[in-house]
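A.B. asks: Got a file for you: model.txt, compact mmCIF, C-alpha atoms.
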# COMPACT_ATOMS: atom_id res chain seq x y z
CA MET A 144 -7.66 9.92 -41.54
CA PRO A 145 -9.91 6.86 -41.81
CA GLU A 146 -12.60 6.92 -39.11
CA THR A 147 -14.03 3.92 -37.33
CA SER A 148 -17.06 3.75 -35.10
CA LEU A 149 -19.94 1.45 -34.35
CA PRO A 150 -23.26 2.39 -36.00
CA GLY A 151 -24.99 4.94 -33.81
CA SER A 152 -21.98 5.40 -31.54
CA PRO A 153 -21.55 8.89 -30.08
CA VAL A 154 -17.76 8.57 -30.46
CA THR A 155 -15.59 8.18 -33.56
CA ILE A 156 -11.99 7.01 -33.70
CA ALA A 157 -9.39 7.83 -36.35
CA ASN A 158 -5.74 6.78 -36.51
CA HIS A 159 -3.00 8.95 -37.95
CA ALA A 160 0.22 6.96 -37.68
CA ALA A 161 0.81 6.58 -33.92
CA VAL A 162 -1.72 9.30 -33.01
CA ARG A 163 -5.32 8.30 -32.27
CA VAL A 164 -8.02 10.95 -32.56
CA VAL A 165 -11.10 10.36 -30.40
CA THR A 166 -14.06 12.59 -31.31
CA VAL A 167 -17.31 13.14 -29.42
CA ASN A 168 -19.74 12.95 -32.32
CA ARG A 169 -23.00 14.58 -31.25
CA PRO A 170 -22.79 17.92 -33.07
CA ASP A 171 -26.58 18.36 -33.06
CA LYS A 172 -26.37 18.36 -29.25
CA LEU A 173 -23.14 20.40 -29.16
CA ASN A 174 -21.46 17.12 -28.17
CA ALA A 175 -23.17 17.06 -24.76
CA LEU A 176 -22.18 14.19 -22.49
CA ASN A 177 -24.95 11.71 -21.78
CA GLY A 178 -24.47 8.32 -20.17
CA ALA A 179 -23.94 6.52 -23.47
CA THR A 180 -21.25 9.01 -24.48
CA LEU A 181 -19.43 8.65 -21.16
CA ASP A 182 -19.40 4.87 -21.60
CA ALA A 183 -18.25 5.08 -25.23
CA LEU A 184 -15.41 7.43 -24.29
CA LEU A 185 -14.28 5.16 -21.48
CA GLU A 186 -14.22 2.22 -23.88
CA ALA A 187 -12.27 4.26 -26.44
CA PHE A 188 -9.63 5.31 -23.94
CA GLU A 189 -9.25 1.84 -22.48
CA ALA A 190 -8.69 0.54 -26.02
CA ALA A 191 -6.12 3.25 -26.74
CA ALA A 192 -4.28 2.52 -23.49
CA SER A 193 -3.89 -1.16 -24.39
CA ASP A 194 -3.04 -0.67 -28.08
CA GLY A 195 0.73 -0.74 -28.54
CA SER A 196 0.50 1.08 -31.87
CA VAL A 197 -0.98 4.18 -30.18
CA ARG A 198 1.50 6.58 -28.59
CA CYS A 199 -0.60 9.73 -28.21
CA VAL A 200 -4.34 10.51 -28.13
CA VAL A 201 -6.11 13.66 -29.28
CA LEU A 202 -9.60 14.28 -27.86
CA THR A 203 -11.98 16.69 -29.56
CA GLY A 204 -15.61 17.34 -30.48
CA ALA A 205 -17.31 17.14 -33.86
CA GLY A 206 -18.06 20.37 -35.67
CA PRO A 207 -16.74 23.91 -35.22
CA LYS A 208 -19.13 25.04 -32.47
CA ALA A 209 -18.21 22.89 -29.49
CA PHE A 210 -15.59 20.67 -27.96
CA VAL A 211 -18.23 19.57 -25.45
CA ALA A 212 -20.87 22.08 -24.37
CA GLY A 213 -21.59 20.26 -21.11
CA ALA A 214 -23.45 17.30 -19.73
CA ASP A 215 -26.79 16.41 -21.33
CA ILE A 216 -29.30 18.45 -19.31
CA SER A 217 -32.31 16.67 -20.79
CA GLU A 218 -30.99 13.41 -19.32
CA MET A 219 -30.01 14.93 -15.97
CA ASN A 220 -33.34 16.64 -15.46
CA THR A 221 -35.08 13.33 -14.70
CA LEU A 222 -32.50 11.83 -12.34
CA SER A 223 -33.15 10.97 -8.71
CA PRO A 224 -30.54 11.84 -6.06
CA VAL A 225 -29.10 8.33 -6.20
CA GLN A 226 -29.06 8.39 -10.01
CA GLY A 227 -27.40 11.81 -9.91
CA ARG A 228 -24.65 10.43 -7.69
CA ASP A 229 -24.23 7.48 -10.03
CA PHE A 230 -24.02 9.81 -13.05
CA SER A 231 -21.32 11.82 -11.31
CA GLN A 232 -19.38 8.66 -10.49
CA ARG A 233 -19.75 7.53 -14.10
CA GLY A 234 -18.23 10.77 -15.33
CA GLN A 235 -15.49 10.82 -12.72
CA ARG A 236 -14.52 7.24 -13.63
CA LEU A 237 -13.94 8.40 -17.22
CA MET A 238 -12.04 11.53 -16.16
CA ARG A 239 -9.76 9.52 -13.87
CA ALA A 240 -9.09 6.98 -16.62
CA ILE A 241 -7.99 9.76 -18.98
CA GLU A 242 -5.91 11.49 -16.30
CA ARG A 243 -4.14 8.21 -15.55
CA MET A 244 -3.63 7.23 -19.19
CA PRO A 245 -0.08 5.90 -19.69
CA LYS A 246 0.09 7.90 -22.93
CA PRO A 247 -0.24 11.66 -23.36
CA VAL A 248 -3.73 12.96 -24.12
CA ILE A 249 -4.24 16.35 -25.79
CA ALA A 250 -7.60 18.13 -25.65
CA MET A 251 -8.21 20.00 -28.91
CA VAL A 252 -10.71 22.60 -27.70
CA ASN A 253 -12.79 23.83 -30.61
CA GLY A 254 -15.54 26.21 -29.51
CA PHE A 255 -17.44 25.71 -26.25
CA ALA A 256 -16.01 23.66 -23.38
CA LEU A 257 -18.53 24.23 -20.64
CA GLY A 258 -19.41 22.28 -17.50
CA GLY A 259 -18.66 18.63 -18.21
CA GLY A 260 -16.82 19.75 -21.34
CA LEU A 261 -14.30 21.80 -19.38
CA GLU A 262 -14.03 18.97 -16.87
CA LEU A 263 -13.28 16.60 -19.75
CA ALA A 264 -10.61 18.94 -21.13
CA MET A 265 -9.00 19.47 -17.72
CA CYS A 266 -8.40 15.77 -17.14
CA CYS A 267 -6.33 15.62 -20.35
CA HIS A 268 -2.59 16.15 -19.98
CA LEU A 269 -2.41 19.10 -22.37
CA ARG A 270 -5.00 21.52 -23.78
CA ILE A 271 -4.80 23.50 -27.01
CA ALA A 272 -7.66 25.91 -27.67
CA GLY A 273 -8.78 27.77 -30.74
CA ASP A 274 -8.95 31.52 -30.29
CA ASN A 275 -12.73 31.27 -30.54
CA ALA A 276 -13.04 28.87 -27.61
CA LYS A 277 -15.13 29.63 -24.53
CA VAL A 278 -14.64 27.70 -21.29
CA GLY A 279 -16.47 27.74 -18.00
CA GLN A 280 -18.28 25.95 -15.17
CA PRO A 281 -21.88 27.23 -15.43
CA GLU A 282 -23.50 24.59 -13.19
CA ILE A 283 -24.54 27.27 -10.67
CA ASN A 284 -27.05 28.52 -13.26
CA LEU A 285 -28.74 25.10 -13.16
CA GLY A 286 -28.80 24.86 -9.38
CA LEU A 287 -25.93 22.38 -9.47
CA VAL A 288 -22.28 22.06 -8.53
CA PRO A 289 -19.70 20.61 -10.95
CA GLY A 290 -19.93 16.83 -10.76
CA PHE A 291 -17.11 15.45 -12.90
CA GLY A 292 -14.19 16.88 -10.93
CA GLY A 293 -14.47 20.53 -11.97
CA THR A 294 -13.93 22.11 -8.56
CA GLN A 295 -10.88 19.94 -7.88
CA ARG A 296 -9.02 20.07 -11.20
CA LEU A 297 -9.78 23.74 -11.76
CA LEU A 298 -8.43 24.47 -8.28
CA ARG A 299 -5.20 22.66 -9.13
CA LEU A 300 -4.82 24.32 -12.52
CA ALA A 301 -5.95 27.89 -11.88
CA GLY A 302 -5.93 28.37 -8.09
CA ARG A 303 -8.57 29.19 -5.49
CA ALA A 304 -9.60 32.68 -6.65
CA ALA A 305 -10.17 31.73 -10.28
CA THR A 306 -11.98 28.51 -9.32
CA LEU A 307 -14.38 30.33 -7.03
CA GLU A 308 -15.02 33.00 -9.65
CA LEU A 309 -15.74 30.55 -12.47
CA CYS A 310 -17.88 28.25 -10.34
CA LEU A 311 -19.75 30.86 -8.28
CA VAL A 312 -20.45 33.32 -11.11
CA GLY A 313 -20.88 30.69 -13.81
CA ALA A 314 -19.92 32.96 -16.71
CA PRO A 315 -17.65 31.57 -19.45
CA ILE A 316 -14.28 33.10 -20.22
CA ASN A 317 -12.47 33.36 -23.54
CA ALA A 318 -9.45 31.35 -24.61
CA GLN A 319 -6.93 34.09 -23.88
CA ARG A 320 -8.06 34.48 -20.27
CA ALA A 321 -8.10 30.70 -19.90
CA ARG A 322 -4.48 30.71 -21.07
CA GLN A 323 -3.56 33.43 -18.57
CA LEU A 324 -5.12 31.39 -15.75
CA GLY A 325 -3.29 28.22 -16.79
CA ILE A 326 -6.45 26.34 -17.78
CA VAL A 327 -5.21 25.83 -21.35
CA ASN A 328 -1.60 25.46 -22.45
CA ARG A 329 -1.78 27.15 -25.84
CA VAL A 330 -4.17 29.29 -27.87
CA VAL A 331 -3.96 29.23 -31.67
CA ALA A 332 -6.06 30.59 -34.51
CA ALA A 333 -9.18 28.46 -34.93
CA ALA A 334 -8.26 27.75 -38.56
CA GLU A 335 -4.90 26.35 -37.43
CA LEU A 336 -6.15 24.38 -34.40
CA GLU A 337 -6.17 20.93 -35.97
CA ALA A 338 -2.80 21.36 -37.70
CA GLU A 339 -1.10 22.70 -34.57
CA THR A 340 -2.60 20.01 -32.35
CA MET A 341 -1.59 17.20 -34.69
CA LYS A 342 1.91 18.67 -34.94
CA LEU A 343 2.29 18.50 -31.16
CA ALA A 344 0.73 15.03 -31.06
CA ALA A 345 3.19 13.76 -33.66
CA GLN A 346 6.08 15.18 -31.61
CA LEU A 347 4.85 13.35 -28.51
CA ALA A 348 4.30 10.16 -30.48
CA ASP A 349 7.97 10.24 -31.48
CA SER A 350 9.12 10.66 -27.88
CA ALA A 351 10.16 7.84 -25.55
CA PRO A 352 6.89 6.13 -24.48
CA LEU A 353 8.16 4.82 -21.14
CA ALA A 354 9.60 8.20 -20.19
CA LEU A 355 6.31 9.90 -21.15
CA ARG A 356 4.48 7.47 -18.91
CA GLY A 357 6.96 8.06 -16.09
CA ILE A 358 6.48 11.83 -16.31
CA ILE A 359 2.68 11.53 -16.27
CA ASP A 360 2.86 9.20 -13.27
CA CYS A 361 5.24 11.52 -11.40
CA VAL A 362 2.99 14.54 -11.92
CA ASN A 363 -0.14 12.60 -10.94
CA VAL A 364 1.45 11.20 -7.79
CA GLY A 365 3.26 14.41 -6.86
CA GLY A 366 0.11 16.47 -7.24
CA GLU A 367 -1.59 14.47 -4.51
CA CYS A 368 1.16 13.98 -1.92
CA GLY A 369 3.81 15.87 0.02
CA ILE A 370 7.06 17.04 -1.53
CA GLU A 371 9.19 14.34 0.08
CA GLU A 372 6.98 11.53 -1.20
CA GLY A 373 6.87 13.14 -4.61
CA LEU A 374 10.63 13.46 -4.83
CA GLU A 375 11.07 9.87 -3.73
CA TYR A 376 8.67 8.69 -6.43
CA GLU A 377 10.47 10.78 -9.06
CA THR A 378 13.83 9.29 -8.06
CA ALA A 379 12.41 5.78 -8.38
CA GLN A 380 11.04 6.55 -11.85
CA PHE A 381 14.35 8.13 -12.88
CA GLY A 382 16.26 5.02 -11.85
CA LEU A 383 13.76 2.77 -13.59
CA MET A 384 14.46 4.48 -16.91
CA PHE A 385 18.04 3.16 -16.78
CA SER A 386 16.63 -0.33 -17.37
CA THR A 387 15.10 0.66 -20.72
CA ASP A 388 16.46 0.34 -24.24
CA ASP A 389 14.95 3.76 -24.95
CA MET A 390 17.26 5.41 -22.40
CA ARG A 391 20.30 3.83 -24.09
CA GLU A 392 18.96 4.87 -27.49
CA GLY A 393 18.26 8.43 -26.37
CA THR A 394 21.59 9.05 -24.71
CA GLY A 395 23.43 7.25 -27.52
CA ALA A 396 21.70 9.33 -30.17
CA PHE A 397 22.59 12.51 -28.28
CA LEU A 398 26.25 11.56 -28.15
CA GLU A 399 26.21 10.53 -31.82
CA ARG A 400 24.31 13.68 -32.84
CA ARG A 401 21.45 11.86 -34.53
CA LYS A 402 17.70 11.62 -34.03
CA PRO A 403 16.70 8.85 -31.61
CA ALA A 404 14.34 6.07 -32.63
CA PHE A 405 12.37 5.13 -29.51
CA LYS A 406 10.56 1.79 -29.42
CA GLY A 407 8.96 1.78 -25.99
CA SER A 408 11.19 -0.93 -24.56
Could you take the file, read its structure, and then write that structure out as structure tokens?

C.D. replies:
Amino acid sequence: MPETSLPGSPVTIANHAAVRVVTVNRPDKLNALNGATLDALLEAFEAAASDGSVRCVVLTGAGPKAFVAGADISEMNTLSPVQGRDFSQRGQRLMRAIERMPKPVIAMVNGFALGGGLELAMCCHLRIAGDNAKVGQPEINLGLVPGFGGTQRLLRLAGRAATLELCLVGAPINAQRARQLGIVNRVVAAAELEAETMKLAAQLADSAPLALRGIIDCVNVGGECGIEEGLEYETAQFGLMFSTDDMREGTGAFLERRKPAFKGS
């Protein structure tokens, strides 16, 4: 896959057909998130959201050791309280942008996903981890609380007991336990992680883009409101799909026993 990035950028971008791979490229720092990296990631995801040729995004970290090992502690160590709040808001702005992406985002978790790294993975729509991955929220060991949404997204993914354990104790867990808790969707052999992730990404890229967006929106809205409001929103999205060419193509292809060709219209 041809890679593109600005000189010195902490993020690289590679296109593989309709799948865009966004890579945090700071392997010497275990891909730790500093301010410049947060900004570069936000720019990359905004570009992917507006690019009609992109139907699915894969997010990963450079090298075999880490997806993202956390936020950059050397940068955080010097922050004032106001700067710390601003840093948190900077990270949360990125996480929300990914969570609200109108296209599916898959976190390809290679190695460590700790602190801000786990928070970054959790805001993606799906997570595939290598069997060597370690995930956790170790901020307690630094005298901190998670600042990029860790307490909230972990609570929604894994429940109260697991969230309190991971955040209060601060010890990482392996990929299999993360799968059991619902933090990651799939665990595969580390040697097969890229191939399996790209296989799933290609499948999503072939799916109906407007329906994918509708599903993401329904889950995001439903996760933050009561059941009645969620059902009402789902019904509205369901009806909206009947105005799309993709719905006619999908149902027509089913009746004609052929593979549909979705165009996002």

A.B. asks: Leaving out Asp274 in chain A and any residue of its chain fewer than 5 positions from it, which residues lie within 12 Å of it when counting only C-alpha atoms, given as a CSV table (one decimal) with C-alpha atoms, in the frame of the given file?

C.D. replies:
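Heads up, here's the output in result-v8.csv:
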chain,number,residue,atom,x,y,z
A,207,PRO,CA,-16.7,23.9,-35.2
A,251,MET,CA,-8.2,20.0,-28.9
A,252,VAL,CA,-10.7,22.6,-27.7
A,253,ASN,CA,-12.8,23.8,-30.6
A,254,GLY,CA,-15.5,26.2,-29.5
A,255,PHE,CA,-17.4,25.7,-26.2
A,316,ILE,CA,-14.3,33.1,-20.2
A,317,ASN,CA,-12.5,33.4,-23.5
A,318,ALA,CA,-9.4,31.4,-24.6
A,319,GLN,CA,-6.9,34.1,-23.9
A,320,ARG,CA,-8.1,34.5,-20.3
A,321,ALA,CA,-8.1,30.7,-19.9
A,322,ARG,CA,-4.5,30.7,-21.1
A,327,VAL,CA,-5.2,25.8,-21.4
A,329,ARG,CA,-1.8,27.2,-25.8
A,330,VAL,CA,-4.2,29.3,-27.9
A,331,VAL,CA,-4.0,29.2,-31.7
A,332,ALA,CA,-6.1,30.6,-34.5
A,333,ALA,CA,-9.2,28.5,-34.9
A,334,ALA,CA,-8.3,27.8,-38.6
A,335,GLU,CA,-4.9,26.4,-37.4
A,336,LEU,CA,-6.2,24.4,-34.4

A.B. asks: Need to verify the contact set: Asp194 in chain A, 12 Å, all atoms listed in the file, exclusion of same-chain residues closer than 2 positions in sequence. Can you return it as a list in words?

C.D. replies: Asn158, Ala161, Val162, Arg163, Ala187, Phe188, Glu189, Ala190, Ala191, Ala192, Ser196, Val197, Arg198, Cys199, Val200, Met244, Pro245 and Lys246 of chain A

A.B. asks: So how many Å separate CA of Ala344 in chain A and CA of Leu176 in chain A, to one decimal?

C.D. replies: 24.5 Å

A.B. asks: Return the single residue from A:Thr203, A:Ser350, A:Ser223, A:Gln280 that is closest to Leu297 in chain A, with distances computed using all atoms listed in the file.

C.D. replies: A:Gln280

A.B. asks: A:Arg270, A:Arg401, A:Lys208, A:Arg303: which is nearest Glu339 in chain A, counting only C-alpha atoms?

C.D. replies: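 The answer is A:Arg270, which sits nearest to Glu339 in chain A.
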
A.B. asks: Looking at A:Asp171, A:Glu186, A:Asp349, A:Glu377, which one is nearest to Lys402 in chain A, with distances taken over only C-alpha atoms?

C.D. replies: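 Looking only at the distances to Lys402 in chain A, the closest residue turns out to be A:Asp349.
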
A.B. asks: Could you rebuild range 376-388 of chain A with N, CA, C and O atoms and give it back as a CSV table (one decimal), in the frame of the given file?

C.D. replies:
chain,number,residue,atom,x,y,z
A,376,TYR,N,9.3,9.4,-5.3
A,376,TYR,CA,8.7,8.7,-6.4
A,376,TYR,C,9.4,9.1,-7.7
A,376,TYR,O,9.7,8.2,-8.6
A,377,GLU,N,9.7,10.3,-7.9
A,377,GLU,CA,10.5,10.8,-9.1
A,377,GLU,C,11.8,10.1,-9.2
A,377,GLU,O,12.2,9.6,-10.2
A,378,THR,N,12.5,10.0,-8.1
A,378,THR,CA,13.8,9.3,-8.1
A,378,THR,C,13.7,7.8,-8.5
A,378,THR,O,14.5,7.3,-9.2
A,379,ALA,N,12.6,7.2,-8.0
A,379,ALA,CA,12.4,5.8,-8.4
A,379,ALA,C,12.1,5.7,-9.9
A,379,ALA,O,12.7,4.7,-10.5
A,380,GLN,N,11.3,6.6,-10.4
A,380,GLN,CA,11.0,6.6,-11.8
A,380,GLN,C,12.3,6.9,-12.7
A,380,GLN,O,12.5,6.2,-13.7
A,381,PHE,N,13.1,7.8,-12.2
A,381,PHE,CA,14.4,8.1,-12.9
A,381,PHE,C,15.3,6.9,-13.0
A,381,PHE,O,15.8,6.6,-14.0
A,382,GLY,N,15.4,6.2,-11.9
A,382,GLY,CA,16.3,5.0,-11.8
A,382,GLY,C,15.7,3.9,-12.7
A,382,GLY,O,16.5,3.2,-13.4
A,383,LEU,N,14.4,3.8,-12.8
A,383,LEU,CA,13.8,2.8,-13.6
A,383,LEU,C,14.1,3.0,-15.1
A,383,LEU,O,14.2,2.0,-15.8
A,384,MET,N,14.2,4.2,-15.5
A,384,MET,CA,14.5,4.5,-16.9
A,384,MET,C,15.8,3.9,-17.4
A,384,MET,O,16.0,3.6,-18.6
A,385,PHE,N,16.7,3.7,-16.4
A,385,PHE,CA,18.0,3.2,-16.8
A,385,PHE,C,18.0,1.7,-17.2
A,385,PHE,O,18.9,1.1,-17.6
A,386,SER,N,16.8,1.1,-17.0
A,386,SER,CA,16.6,-0.3,-17.4
A,386,SER,C,16.0,-0.4,-18.8
A,386,SER,O,15.8,-1.6,-19.3
A,387,THR,N,15.8,0.7,-19.4
A,387,THR,CA,15.1,0.7,-20.7
A,387,THR,C,16.1,0.8,-21.9
A,387,THR,O,17.1,1.5,-21.8
A,388,ASP,N,15.7,0.2,-23.0
A,388,ASP,CA,16.5,0.3,-24.2
A,388,ASP,C,16.3,1.8,-24.7
A,388,ASP,O,17.2,2.3,-25.4
